[in-house]
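This is query.tsv. It holds TSV, C-alpha atoms.
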```tsv
chain	number	residue	atom	x	y	z
A	1	MET	CA	26.60	-21.95	-16.35
A	2	SER	CA	24.30	-19.18	-17.54
A	3	ASP	CA	27.23	-16.78	-18.12
A	4	ALA	CA	28.84	-19.30	-20.45
A	5	GLN	CA	25.50	-19.83	-22.19
A	6	LYS	CA	25.04	-16.09	-22.64
A	7	SER	CA	28.51	-15.83	-24.15
A	8	ALA	CA	27.73	-18.73	-26.47
A	9	ILE	CA	24.53	-17.01	-27.64
A	10	GLN	CA	26.38	-13.76	-28.29
A	11	GLU	CA	29.04	-15.61	-30.30
A	12	LEU	CA	26.33	-17.32	-32.30
A	13	LEU	CA	24.70	-13.98	-33.06
A	14	ARG	CA	28.01	-12.42	-34.10
A	15	GLY	CA	28.28	-15.10	-36.76
A	16	LEU	CA	24.92	-14.28	-38.33
A	17	ASP	CA	24.40	-11.49	-40.84
A	18	ALA	CA	21.22	-9.50	-40.22
A	19	PRO	CA	18.62	-9.51	-43.03
A	20	ASP	CA	19.21	-5.82	-43.75
A	21	GLY	CA	22.80	-6.62	-44.79
A	22	LYS	CA	24.38	-4.20	-42.32
A	23	GLY	CA	26.31	-6.69	-40.24
A	24	ASP	CA	25.70	-8.70	-37.09
A	25	VAL	CA	23.20	-7.59	-34.46
A	26	VAL	CA	25.61	-7.77	-31.51
A	27	SER	CA	28.17	-5.28	-32.81
A	28	ARG	CA	25.32	-2.94	-33.76
A	29	GLY	CA	23.91	-2.91	-30.24
A	30	MET	CA	20.58	-4.42	-31.23
A	31	VAL	CA	20.54	-7.24	-28.65
A	32	SER	CA	19.00	-6.77	-25.20
A	33	ASP	CA	20.27	-8.38	-22.02
A	34	ILE	CA	19.96	-12.15	-22.29
A	35	PHE	CA	17.88	-13.80	-19.57
A	36	ILE	CA	18.23	-17.56	-18.98
A	37	ALA	CA	16.14	-19.55	-16.51
A	38	ASP	CA	15.29	-23.24	-16.34
A	39	GLY	CA	16.84	-23.89	-19.73
A	40	LYS	CA	14.87	-21.08	-21.39
A	41	ALA	CA	16.66	-18.21	-23.11
A	42	PHE	CA	14.88	-14.90	-23.61
A	43	PHE	CA	16.13	-11.76	-25.30
A	44	SER	CA	15.00	-9.26	-27.89
A	45	LEU	CA	16.26	-7.45	-30.97
A	46	SER	CA	15.65	-3.72	-31.27
A	47	VAL	CA	14.75	-2.82	-34.86
A	48	PRO	CA	12.95	0.02	-36.63
A	49	ALA	CA	9.22	-0.72	-36.65
A	50	ALA	CA	9.22	-0.68	-40.45
A	51	GLU	CA	11.74	-3.56	-40.46
A	52	ALA	CA	9.71	-5.87	-38.21
A	53	ASP	CA	8.41	-8.10	-41.02
A	54	ARG	CA	11.88	-8.43	-42.45
A	55	PHE	CA	13.47	-9.45	-39.14
A	56	GLU	CA	10.78	-11.85	-37.91
A	57	PRO	CA	12.04	-14.91	-39.89
A	58	PHE	CA	15.54	-14.02	-38.68
A	59	CYS	CA	14.31	-14.24	-35.08
A	60	ARG	CA	12.80	-17.65	-35.73
A	61	GLU	CA	16.13	-18.82	-37.21
A	62	ILE	CA	17.99	-17.57	-34.14
A	63	GLU	CA	15.61	-19.53	-31.91
A	64	ARG	CA	16.28	-22.71	-33.85
A	65	ARG	CA	20.04	-22.25	-33.53
A	66	VAL	CA	20.12	-21.21	-29.88
A	67	VAL	CA	18.57	-24.50	-28.72
A	68	SER	CA	21.67	-26.27	-30.02
A	69	ILE	CA	23.67	-24.69	-27.18
A	70	GLU	CA	24.21	-27.06	-24.27
A	71	GLY	CA	21.67	-26.55	-21.50
A	72	ILE	CA	19.27	-24.44	-23.60
A	73	ALA	CA	15.99	-26.29	-24.18
A	74	SER	CA	13.99	-23.44	-25.71
A	75	ALA	CA	14.43	-19.86	-26.82
A	76	LEU	CA	12.23	-16.84	-27.37
A	77	VAL	CA	13.52	-13.92	-29.40
A	78	ALA	CA	11.18	-10.95	-29.54
A	79	LEU	CA	11.20	-7.89	-31.75
A	80	THR	CA	11.17	-4.46	-30.16
A	81	ALA	CA	10.61	-0.97	-31.52
A	82	GLU	CA	13.38	1.58	-31.35
A	83	LYS	CA	12.72	4.88	-29.60
A	84	ALA	CA	14.09	6.75	-32.59
A	85	ALA	CA	15.09	5.67	-36.06
A	86	GLY	CA	18.61	4.26	-36.07
A	87	ALA	CA	18.98	4.41	-32.28
A	88	PRO	CA	18.64	1.07	-30.52
A	89	SER	CA	16.59	1.06	-27.35
A	90	ARG	CA	18.51	0.09	-24.25
A	91	SER	CA	15.38	-1.14	-22.54
A	92	PRO	CA	13.43	-3.14	-25.12
A	93	GLN	CA	9.76	-4.01	-25.01
A	94	PRO	CA	9.33	-7.58	-26.28
A	95	VAL	CA	6.75	-8.17	-29.01
A	96	PRO	CA	5.26	-10.48	-29.88
A	97	PRO	CA	5.63	-13.38	-27.41
A	98	GLN	CA	5.00	-16.93	-28.55
A	99	GLN	CA	2.59	-19.62	-27.57
A	100	PRO	CA	3.84	-21.43	-24.46
A	101	GLY	CA	5.78	-24.58	-25.17
A	102	ARG	CA	6.20	-23.95	-28.93
A	103	PRO	CA	9.56	-22.25	-29.55
A	104	GLY	CA	9.82	-20.74	-32.99
A	105	GLN	CA	6.06	-20.80	-33.61
A	106	ALA	CA	4.62	-17.28	-33.65
A	107	ILE	CA	0.98	-16.69	-32.83
A	108	ARG	CA	-0.99	-15.59	-35.88
A	109	SER	CA	-2.20	-12.01	-35.89
A	110	GLY	CA	-5.87	-11.89	-35.02
A	111	ALA	CA	-5.94	-15.40	-33.59
A	112	ALA	CA	-8.95	-15.92	-31.35
A	113	PRO	CA	-8.73	-17.67	-28.00
A	114	ALA	CA	-9.15	-21.41	-28.13
A	115	GLY	CA	-12.77	-22.40	-28.19
A	116	GLY	CA	-14.03	-18.93	-29.09
A	117	PRO	CA	-15.18	-16.20	-26.73
A	118	GLY	CA	-18.39	-17.98	-25.74
A	119	ALA	CA	-17.13	-21.55	-25.57
A	120	PRO	CA	-17.80	-23.56	-22.38
A	121	ARG	CA	-14.81	-23.86	-20.08
A	122	PRO	CA	-14.05	-27.23	-18.56
A	123	ALA	CA	-12.72	-26.84	-15.03
A	124	THR	CA	-9.46	-28.56	-15.95
A	125	SER	CA	-8.65	-25.79	-18.48
A	126	LYS	CA	-8.16	-23.25	-15.68
A	127	PRO	CA	-5.74	-24.64	-13.10
A	128	GLY	CA	-5.19	-22.52	-10.04
A	129	VAL	CA	-1.89	-20.90	-9.13
A	130	PRO	CA	-0.16	-22.67	-6.22
A	131	GLY	CA	-0.20	-20.56	-3.08
A	132	ILE	CA	-2.82	-18.08	-4.32
A	133	ASP	CA	-6.24	-18.42	-2.72
A	134	ARG	CA	-8.29	-16.10	-4.96
A	135	ILE	CA	-7.68	-13.97	-8.05
A	136	ILE	CA	-9.81	-10.99	-9.04
A	137	ALA	CA	-9.64	-8.80	-12.13
A	138	VAL	CA	-10.01	-5.03	-12.18
A	139	ALA	CA	-11.19	-4.13	-15.67
A	140	SER	CA	-12.69	-1.37	-17.77
A	141	GLY	CA	-14.40	-1.23	-21.12
A	142	LYS	CA	-12.08	1.58	-22.26
A	143	GLY	CA	-8.89	3.30	-21.24
A	144	GLY	CA	-8.57	6.55	-19.37
A	145	VAL	CA	-11.09	5.84	-16.62
A	146	GLY	CA	-8.55	5.36	-13.82
A	147	LYS	CA	-8.59	1.57	-13.79
A	148	SER	CA	-4.95	1.11	-12.75
A	149	THR	CA	-5.16	3.73	-10.00
A	150	THR	CA	-8.28	1.99	-8.72
A	151	ALA	CA	-6.61	-1.44	-8.93
A	152	VAL	CA	-3.54	-0.46	-6.94
A	153	ASN	CA	-5.51	1.41	-4.27
A	154	LEU	CA	-7.89	-1.54	-3.95
A	155	ALA	CA	-4.94	-3.92	-3.58
A	156	LEU	CA	-3.48	-1.71	-0.86
A	157	SER	CA	-6.90	-1.55	0.82
A	158	PHE	CA	-7.11	-5.35	0.83
A	159	ALA	CA	-3.66	-5.40	2.45
A	160	ALA	CA	-4.89	-2.89	5.04
A	161	LEU	CA	-7.58	-5.45	5.89
A	162	ARG	CA	-4.74	-7.79	6.90
A	163	LEU	CA	-4.76	-9.90	3.75
A	164	LYS	CA	-1.63	-11.09	1.97
A	165	VAL	CA	-1.97	-9.42	-1.42
A	166	GLY	CA	-0.20	-9.37	-4.77
A	167	ILE	CA	-0.85	-7.35	-7.91
A	168	LEU	CA	-0.24	-8.48	-11.49
A	169	ASP	CA	-0.05	-5.82	-14.18
A	170	ALA	CA	-1.67	-7.57	-17.15
A	171	ASP	CA	-1.74	-4.37	-19.21
A	172	ILE	CA	1.32	-5.22	-21.29
A	173	TYR	CA	0.53	-2.50	-23.83
A	174	GLY	CA	0.67	0.23	-21.19
A	175	PRO	CA	1.91	-1.02	-17.80
A	176	SER	CA	1.21	1.46	-14.99
A	177	ILE	CA	2.07	-0.46	-11.82
A	178	PRO	CA	5.81	0.41	-11.85
A	179	ARG	CA	4.98	4.13	-11.75
A	180	LEU	CA	2.11	3.77	-9.29
A	181	LEU	CA	4.25	1.79	-6.82
A	182	ASN	CA	7.53	3.63	-7.60
A	183	LEU	CA	9.26	0.36	-8.47
A	184	LYS	CA	12.30	0.67	-10.73
A	185	GLU	CA	14.30	-2.48	-10.02
A	186	LYS	CA	14.52	-5.51	-12.27
A	187	PRO	CA	13.08	-8.83	-11.05
A	188	ARG	CA	15.64	-11.52	-10.29
A	189	SER	CA	15.51	-15.28	-10.22
A	190	GLY	CA	16.30	-17.02	-6.97
A	191	ASP	CA	16.67	-20.55	-8.32
A	192	GLY	CA	17.27	-19.84	-12.00
A	193	ARG	CA	13.70	-20.89	-12.80
A	194	MET	CA	11.13	-18.66	-11.07
A	195	LEU	CA	11.14	-14.86	-10.95
A	196	ILE	CA	10.93	-13.14	-7.59
A	197	PRO	CA	8.27	-10.40	-7.57
A	198	LEU	CA	9.13	-6.90	-6.44
A	199	GLU	CA	7.54	-5.56	-3.27
A	200	ALA	CA	6.15	-2.19	-2.23
A	201	TYR	CA	3.94	-1.15	0.69
A	202	GLY	CA	3.32	-4.80	1.59
A	203	LEU	CA	2.27	-5.80	-1.95
A	204	LYS	CA	4.05	-8.31	-4.16
A	205	ALA	CA	4.03	-7.02	-7.72
A	206	MET	CA	4.89	-8.21	-11.22
A	207	SER	CA	4.69	-6.21	-14.43
A	208	MET	CA	6.20	-6.22	-17.89
A	209	GLY	CA	7.04	-2.62	-17.06
A	210	PHE	CA	9.76	-3.90	-14.70
A	211	LEU	CA	11.60	-5.34	-17.70
A	212	VAL	CA	11.23	-2.52	-20.23
A	213	ASP	CA	11.51	1.23	-20.47
A	214	GLU	CA	8.16	2.95	-19.99
A	215	GLU	CA	8.68	5.05	-23.13
A	216	THR	CA	9.49	2.14	-25.45
A	217	PRO	CA	6.73	1.83	-28.07
A	218	MET	CA	4.95	-1.42	-28.84
A	219	ILE	CA	4.83	-3.19	-32.19
A	220	TRP	CA	2.33	-5.96	-31.36
A	221	ARG	CA	0.54	-7.64	-34.26
A	222	GLY	CA	-2.69	-8.58	-32.52
A	223	PRO	CA	-3.64	-10.51	-29.36
A	224	MET	CA	-0.27	-12.10	-28.61
A	225	VAL	CA	0.14	-11.35	-24.93
A	226	MET	CA	-0.94	-14.66	-23.37
A	227	SER	CA	2.52	-16.20	-23.28
A	228	ALA	CA	3.94	-13.26	-21.33
A	229	LEU	CA	0.92	-13.14	-19.02
A	230	THR	CA	1.15	-16.87	-18.32
A	231	GLN	CA	4.80	-16.53	-17.38
A	232	MET	CA	4.18	-13.55	-15.11
A	233	LEU	CA	1.36	-15.43	-13.43
A	234	ARG	CA	2.72	-18.97	-13.16
A	235	GLU	CA	6.50	-18.55	-13.24
A	236	VAL	CA	6.71	-16.07	-10.37
A	237	GLU	CA	7.38	-16.91	-6.73
A	238	TRP	CA	4.20	-15.34	-5.37
A	239	GLY	CA	4.43	-17.34	-2.17
A	240	THR	CA	1.23	-17.61	-0.14
A	241	LEU	CA	-1.35	-14.97	-1.05
A	242	ASP	CA	-4.92	-14.51	0.10
A	243	LEU	CA	-5.64	-12.44	-2.97
A	244	LEU	CA	-4.04	-11.55	-6.30
A	245	VAL	CA	-5.39	-8.43	-8.00
A	246	VAL	CA	-4.99	-8.42	-11.79
A	247	ASP	CA	-4.92	-5.01	-13.46
A	248	MET	CA	-6.48	-6.01	-16.78
A	249	PRO	CA	-5.85	-4.28	-20.12
A	250	PRO	CA	-8.65	-1.87	-21.08
A	251	GLY	CA	-11.24	-2.98	-23.62
A	252	THR	CA	-12.81	-6.29	-24.54
A	253	GLY	CA	-10.49	-7.79	-27.15
A	254	ASP	CA	-8.90	-11.19	-27.55
A	255	ALA	CA	-6.31	-10.50	-24.84
A	256	GLN	CA	-8.98	-9.82	-22.24
A	257	LEU	CA	-11.11	-12.78	-23.30
A	258	THR	CA	-8.13	-15.13	-23.27
A	259	MET	CA	-7.08	-13.95	-19.80
A	260	ALA	CA	-10.60	-14.43	-18.47
A	261	GLN	CA	-10.87	-17.89	-20.02
A	262	GLN	CA	-7.47	-19.19	-18.90
A	263	VAL	CA	-7.08	-17.73	-15.40
A	264	PRO	CA	-9.24	-18.96	-12.49
A	265	LEU	CA	-10.83	-15.62	-11.64
A	266	ALA	CA	-12.96	-15.38	-8.51
A	267	GLY	CA	-14.62	-12.31	-9.96
A	268	ALA	CA	-14.22	-9.00	-11.75
A	269	VAL	CA	-14.56	-5.37	-10.69
A	270	ILE	CA	-15.59	-2.99	-13.49
A	271	VAL	CA	-14.33	0.61	-13.34
A	272	SER	CA	-16.19	3.35	-15.21
A	273	THR	CA	-16.67	7.09	-15.15
A	274	PRO	CA	-20.23	8.48	-14.95
A	275	GLN	CA	-20.74	9.65	-18.53
A	276	ASP	CA	-22.76	7.66	-21.03
A	277	LEU	CA	-19.86	6.95	-23.38
A	278	ALA	CA	-17.83	5.23	-20.66
A	279	LEU	CA	-20.88	3.33	-19.44
A	280	ILE	CA	-21.50	1.91	-22.91
A	281	ASP	CA	-18.02	0.41	-22.83
A	282	ALA	CA	-18.45	-0.74	-19.23
A	283	ARG	CA	-21.55	-2.63	-20.33
A	284	LYS	CA	-19.42	-4.41	-22.95
A	285	GLY	CA	-16.97	-5.39	-20.24
A	286	LEU	CA	-19.79	-6.84	-18.17
A	287	ALA	CA	-21.01	-8.80	-21.16
A	288	MET	CA	-17.52	-10.18	-21.79
A	289	PHE	CA	-17.14	-11.55	-18.27
A	290	ARG	CA	-20.64	-13.00	-18.43
A	291	LYS	CA	-19.74	-14.86	-21.63
A	292	VAL	CA	-16.76	-16.51	-19.97
A	293	GLU	CA	-18.69	-17.20	-16.76
A	294	VAL	CA	-16.66	-14.93	-14.47
A	295	PRO	CA	-18.75	-13.40	-11.65
A	296	VAL	CA	-19.08	-9.61	-11.82
A	297	LEU	CA	-18.43	-8.41	-8.29
A	298	GLY	CA	-19.65	-4.90	-9.03
A	299	ILE	CA	-19.07	-1.51	-10.63
A	300	VAL	CA	-16.95	1.37	-9.31
A	301	GLU	CA	-17.76	4.92	-10.44
A	302	ASN	CA	-14.41	6.73	-10.69
A	303	MET	CA	-14.05	10.53	-11.10
A	304	SER	CA	-17.56	10.67	-9.73
A	305	TYR	CA	-17.55	14.31	-8.65
A	306	PHE	CA	-15.16	17.16	-7.90
A	307	ILE	CA	-15.02	19.33	-4.79
A	308	ALA	CA	-13.31	22.68	-5.44
A	309	PRO	CA	-10.56	23.08	-2.80
A	310	ASP	CA	-10.97	26.85	-2.57
A	311	THR	CA	-14.76	27.14	-2.32
A	312	GLY	CA	-15.91	23.66	-1.36
A	313	ALA	CA	-18.41	23.76	-4.23
A	314	ARG	CA	-19.22	20.43	-5.85
A	315	TYR	CA	-19.05	19.95	-9.61
A	316	ASP	CA	-20.25	16.86	-11.47
A	317	ILE	CA	-17.76	17.27	-14.31
A	318	PHE	CA	-18.55	13.93	-15.98
A	319	GLY	CA	-22.09	13.72	-14.66
A	320	HIS	CA	-22.88	11.74	-11.53
A	321	GLY	CA	-24.59	8.53	-10.58
A	322	GLY	CA	-24.47	6.99	-14.04
A	323	ALA	CA	-22.51	3.92	-12.92
A	324	LYS	CA	-24.83	3.36	-9.96
A	325	ALA	CA	-27.89	3.55	-12.20
A	326	GLU	CA	-26.25	1.18	-14.69
A	327	ALA	CA	-25.43	-1.29	-11.92
A	328	GLN	CA	-29.04	-1.27	-10.78
A	329	ARG	CA	-30.28	-1.69	-14.34
A	330	LEU	CA	-27.98	-4.65	-14.96
A	331	GLY	CA	-28.58	-6.24	-11.57
A	332	VAL	CA	-24.96	-6.09	-10.35
A	333	PRO	CA	-23.64	-4.56	-7.12
A	334	PHE	CA	-22.58	-0.93	-6.99
A	335	LEU	CA	-19.33	-0.87	-5.02
A	336	GLY	CA	-18.90	2.87	-4.54
A	337	GLU	CA	-17.89	6.20	-6.03
A	338	VAL	CA	-14.41	7.73	-6.03
A	339	PRO	CA	-14.15	11.52	-6.35
A	340	LEU	CA	-12.03	13.36	-8.89
A	341	GLU	CA	-9.34	14.77	-6.61
A	342	MET	CA	-5.92	16.26	-7.27
A	343	VAL	CA	-4.41	14.51	-4.27
A	344	ILE	CA	-5.29	11.09	-5.71
A	345	ARG	CA	-3.57	12.04	-8.96
A	346	GLU	CA	-0.57	13.59	-7.22
A	347	THR	CA	0.06	10.66	-4.89
A	348	SER	CA	-0.35	8.21	-7.77
A	349	ASP	CA	2.14	10.08	-9.95
A	350	ALA	CA	4.56	10.16	-7.01
A	351	GLY	CA	4.41	6.39	-6.64
A	352	ARG	CA	2.83	6.57	-3.20
A	353	PRO	CA	-0.92	5.90	-3.66
A	354	ILE	CA	-3.42	7.72	-1.46
A	355	VAL	CA	-4.21	4.62	0.65
A	356	VAL	CA	-0.62	4.59	1.97
A	357	ALA	CA	0.22	8.28	1.54
A	358	GLU	CA	-2.79	9.50	3.53
A	359	PRO	CA	-4.35	6.41	5.17
A	360	ASP	CA	-6.60	8.51	7.42
A	361	SER	CA	-8.02	10.62	4.60
A	362	ARG	CA	-11.61	10.35	3.37
A	363	HIS	CA	-10.28	9.27	-0.03
A	364	ALA	CA	-8.43	6.29	1.45
A	365	ALA	CA	-11.60	5.42	3.38
A	366	VAL	CA	-13.53	5.32	0.09
A	367	TYR	CA	-11.15	2.73	-1.34
A	368	ARG	CA	-11.22	0.65	1.85
A	369	ASP	CA	-15.03	0.64	1.77
A	370	ILE	CA	-14.97	-0.53	-1.85
A	371	ALA	CA	-12.49	-3.26	-0.92
A	372	ALA	CA	-14.69	-4.44	1.94
A	373	ARG	CA	-17.76	-4.58	-0.34
A	374	THR	CA	-15.75	-6.48	-2.95
A	375	LEU	CA	-14.69	-9.07	-0.38
A	376	ALA	CA	-18.29	-9.43	0.76
A	377	GLU	CA	-19.40	-10.05	-2.83
A	378	MET	CA	-16.66	-12.65	-3.30
A	379	ASP	CA	-17.77	-14.46	-0.16
A	380	ARG	CA	-21.40	-14.32	-1.31
A	381	ASP	CA	-20.48	-15.74	-4.72
A	382	ALA	CA	-18.40	-18.47	-3.13
A	383	ALA	CA	-21.41	-19.42	-1.01
A	384	GLY	CA	-23.50	-19.84	-4.16
A	385	GLY	CA	-25.62	-16.75	-3.70
A	386	ALA	CA	-24.59	-14.97	-6.87
A	387	LYS	CA	-27.10	-14.25	-9.57
A	388	ALA	CA	-25.90	-13.86	-13.14
A	389	PRO	CA	-26.47	-10.31	-14.40
A	390	ALA	CA	-28.95	-9.75	-17.19
A	391	ILE	CA	-27.09	-7.85	-19.89
A	392	VAL	CA	-29.47	-5.76	-21.98
A	393	PHE	CA	-28.36	-3.94	-25.15
A	394	GLU	CA	-30.57	-1.12	-26.36
```

In structure tokens, how does this file's structure come out?
Amino acid sequence: MSDAQKSAIQELLRGLDAPDGKGDVVSRGMVSDIFIADGKAFFSLSVPAAEADRFEPFCREIERRVVSIEGIASALVALTAEKAAGAPSRSPQPVPPQQPGRPGQAIRSGAAPAGGPGAPRPATSKPGVPGIDRIIAVASGKGGVGKSTTAVNLALSFAALRLKVGILDADIYGPSIPRLLNLKEKPRSGDGRMLIPLEAYGLKAMSMGFLVDEETPMIWRGPMVMSALTQMLREVEWGTLDLLVVDMPPGTGDAQLTMAQQVPLAGAVIVSTPQDLALIDARKGLAMFRKVEVPVLGIVENMSYFIAPDTGARYDIFGHGGAKAEAQRLGVPFLGEVPLEMVIRETSDAGRPIVVAEPDSRHAAVYRDIAARTLAEMDRDAAGGAKAPAIVFE
């Protein structure tokens, strides 16, 4: 029936004049592929970024009309940015998503998570995900520290320890998992309701990057990612997993706080580089997880040092040992240091991370050691032996 519903939606759109007065959006190629599952219709309109405010009420009107089609219970129409002025994007990036369960009601720009960042969390507000034993977040206080590369190599290291592992790319602003795992397919729905995750190297993976072009720019108006994250987490056939690794967005904004408050995280791994500027932001990340009562499993120092391949000389390009010293100062575990190596970058860019590309290398061994320490910390926390870190701002 979905084909007939898609045709009905397209006919509806052909009968509506766009707010810019240039005709209907279908004939102008502004409408993305229409996805329908479990009575929910999702598609996007590609518009110039400057026209977003003008088209937003139009999207809400479309949503109200689409639910009149037989079999459609709710609709979500998102705005996307064009790659170039006047040229519609063939692979749109939806923005902004809506609050779950409230079609036609956009989230206000700047809206804070319910209860505020420091509000107590009743256990019932964070239901688990069926089939998933534990969920951990890999986070950073800022971008550019190698968080996603660390997350995917850790996930692969957990899998090497004979765990059933999945990875969720929660960085909707800049998804990296499709490139890191060389996944280019589109997810499909087996029963018309739940999405089937893609798989690579034994990992089950889900990312907004599977649905959009990696070069499509974003036009978000604040922390409005929770609806998309909730769907990728709870409306995906993850099956039975021992561990789900969540590659968190960088920073400590509303999106990160909301994710930490709503998802039952078993703990968080903080990734930082050695220099003081990165450590300041890492400290903020630690403070954020402490506020929402998520255990900090430890800190990873990425790009810790560089060994010149021609001379074997060691260079501490970003300094060295800063993350370890910070972990000791804050009373959290230090999970290990990852060197700055070309082969890690090359294998990541090629979509074959070092843990699977060169499993016997010393670099892969570093990630496996970090994974083993992370598991040990999770077990210790589960046994009630964790001590909340003392966050000190100077």

Original post:
Excluding same-chain residues fewer than 2 positions from stretch 164-172 of chain A, what lies within 6 Å of it counting all atoms listed in the file, as a PyMOL selection string?
Top reply: chain A and resi 159+174-175+203-207+241-249

Subject >> Residues within 9 Å of (24.9, -11.7, -31.0), file coords, only C-alpha atoms, listed as JSON, numbers by chain >> reply: {"A": [7, 8, 9, 10, 11, 12, 13, 14, 15, 16, 24, 25, 26, 27, 29, 30, 31]}

Original post:
Got a sec: who's within 8 Å of A:Ile270, counting all atoms listed in the file, leaving out chain neighbours fewer than 3 positions off, as a ChimeraX atom specification?
Top reply: /A:138-141,282,285-286,296,298-300

**OP:** Report the distance between atom CA of A:Lys6 and atom CA of A:Pro197 in Å, rounded to one decimal place.
**Re:** 23.3 Å

**OP:** Please measure the separation of atom CA of A:Val294 and atom CA of A:Gly267, giving the value in Å to one decimal.
**Re:**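 Interatomic distance, atom CA of A:Val294 to atom CA of A:Gly267: 5.6 Å.
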
**OP:** Between atom CA of A:Arg134 and atom CA of A:Ala266, measure the distance and give it in Å to one decimal.
**Re:**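 Distance between the two atoms: 5.9 Å.
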
**OP:** Find the residues around stretch 363-374 of chain A up to 10 Å (all atoms listed in the file counted), leave out those fewer than 5 positions away in its own chain, and share them as a PyMOL selection string.
**Re:** chain A and resi 136+150-161+267-269+296-300+333-341+343-344+353-358+379-380

Subject >> Selected residue of minimal separation from A:Pro264 among A:Leu181, A:Ala323, A:Ile72, A:Val292, counting only C-alpha atoms >> reply: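 Of A:Leu181, A:Ala323, A:Ile72, A:Val292, the one nearest A:Pro264 is A:Val292, counting only C-alpha atoms.
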
Subject >> Which residue of A:Asn302, A:Ser74, A:Ser348, A:Ser189 approaches A:Arg60 most closely, using only C-alpha atoms >> reply: A:Ser74
